[in-house]
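**Q** First the structure, which I've put down as structure tokens, then a few questions once you've had a look.
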Amino acid sequence: TTAHIAQARPDFDFLACEVYPAGVGALLRRLEGESIGNVRVIEHDAVEVLRDMILPGTLAGVHVFFPDPWPKVRHHKRRLIQPPLVALLASRLAEDGYLHCATDWQHYADQMLDVLSAEPLLRNTADGFAPRPDWRPLTKFEQRGLALGHGVWDLVFRRRPGAGPVMPPS
């Protein structure tokens, strides 16, 4: 998905964070094989990268596609899209930068919508869920979800213009 988006949007630079060596290797092979030069790959936890390596107010956009839904109620606390991370993401977005999330689990989609809507630095670009942008390909996780009869929900939020100084969350 990252390679496809980067190839479709050659005027943008991308930073891909991946913790699994196999995922890093697969992406690097595809980038080299297709001569895609606008992606940098870091094998590290994305939360730590955002917190420790990305300056506030510098990202034009962030993609979080099909994170682990942790479907059991007792595991919901492990879900990636939670208020502390969303506050961190919002702080790293440039004015009018976007945060685009997608999931094929309706309960998680509803939680994402609630969490993103509650972040004061962000505004929803749609009335609820957004249509899938043309440049976002169907991911392997999305295709699997659709094959299982799941729906797919996209959320696109933007950093509010004039939302004040970008301060890192404490």
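Residue names in the structure tokens use chain letters A, B, ... in the order shown, residue numbers from 1 in each chain, and ligand numbers from 1 in the order shown.
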How close does each residue of segment 110-153 of chain A get to segment 9-29 of chain A, giving the shortest atom pair and distance in Å to one decimal for every residue with an atom at most 12 Å away, counting only C-alpha atoms, sorted by chain and residue number, as a tab-separated table?

**A**
```
residue	atom	partner	partner_atom	distance
A:Asp134	CA	A:Arg9	CA	11.4
A:Trp135	CA	A:Arg9	CA	8.1
A:Arg136	CA	A:Arg9	CA	10.5
```

**Q** Could those residues be written to a file, using C-alpha atoms, as a compact mmCIF listing (two decimals), in the first residue's frame?

**A**
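Produced file again_29.txt, reproduced below:
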```txt
# COMPACT_ATOMS: atom_id res chain seq x y z
CA ASP A 134 -9.07 7.34 -5.05
CA TRP A 135 -5.36 7.22 -4.26
CA ARG A 136 -5.77 4.69 -1.43
```

**Q** What are the DSSP strand (DSSP E) residues of segment 18-114 of chain A, as a list in words?

**A**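 These are the residues in question: Val39, Arg40, Val41, Ile42, Leu59, Ala60, Gly61, Val62, His63, Val64, Phe65, Leu93, Ala94, Glu95, Asp96, Gly97, Tyr98, Leu99, His100, Cys101, Ala102 and Thr103 of chain A.
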
**Q** Restricting the calculation to only C-alpha atoms, which member of A:Arg123, A:Arg160, A:His4, A:Arg92 is positioned closest to Met53 of chain A?

**A** A:Arg92

**Q** Report as a PyMOL selection string all protein, DNA and RNA residues lying within 7 Å of Gly97 of chain A, evaluated on only C-alpha atoms, omitting residues in the same chain fewer than 4 positions from it.

**A** chain A and resi 59-61+93+158-159

**Q** So which one's closest to Ile5 of chain A, A:Tyr108, A:Asp127, A:Pro133, A:Arg74? Using only C-alpha atoms, please.

**A**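 Going through A:Tyr108, A:Asp127, A:Pro133, A:Arg74 one by one, the smallest distance to Ile5 of chain A is for A:Pro133.
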
**Q** Considering only C-alpha atoms, state which residue in the set A:Glu119, A:Trp70, A:Phe65, A:Gly57 is at the smallest distance from Pro84 of chain A.

**A** A:Glu119
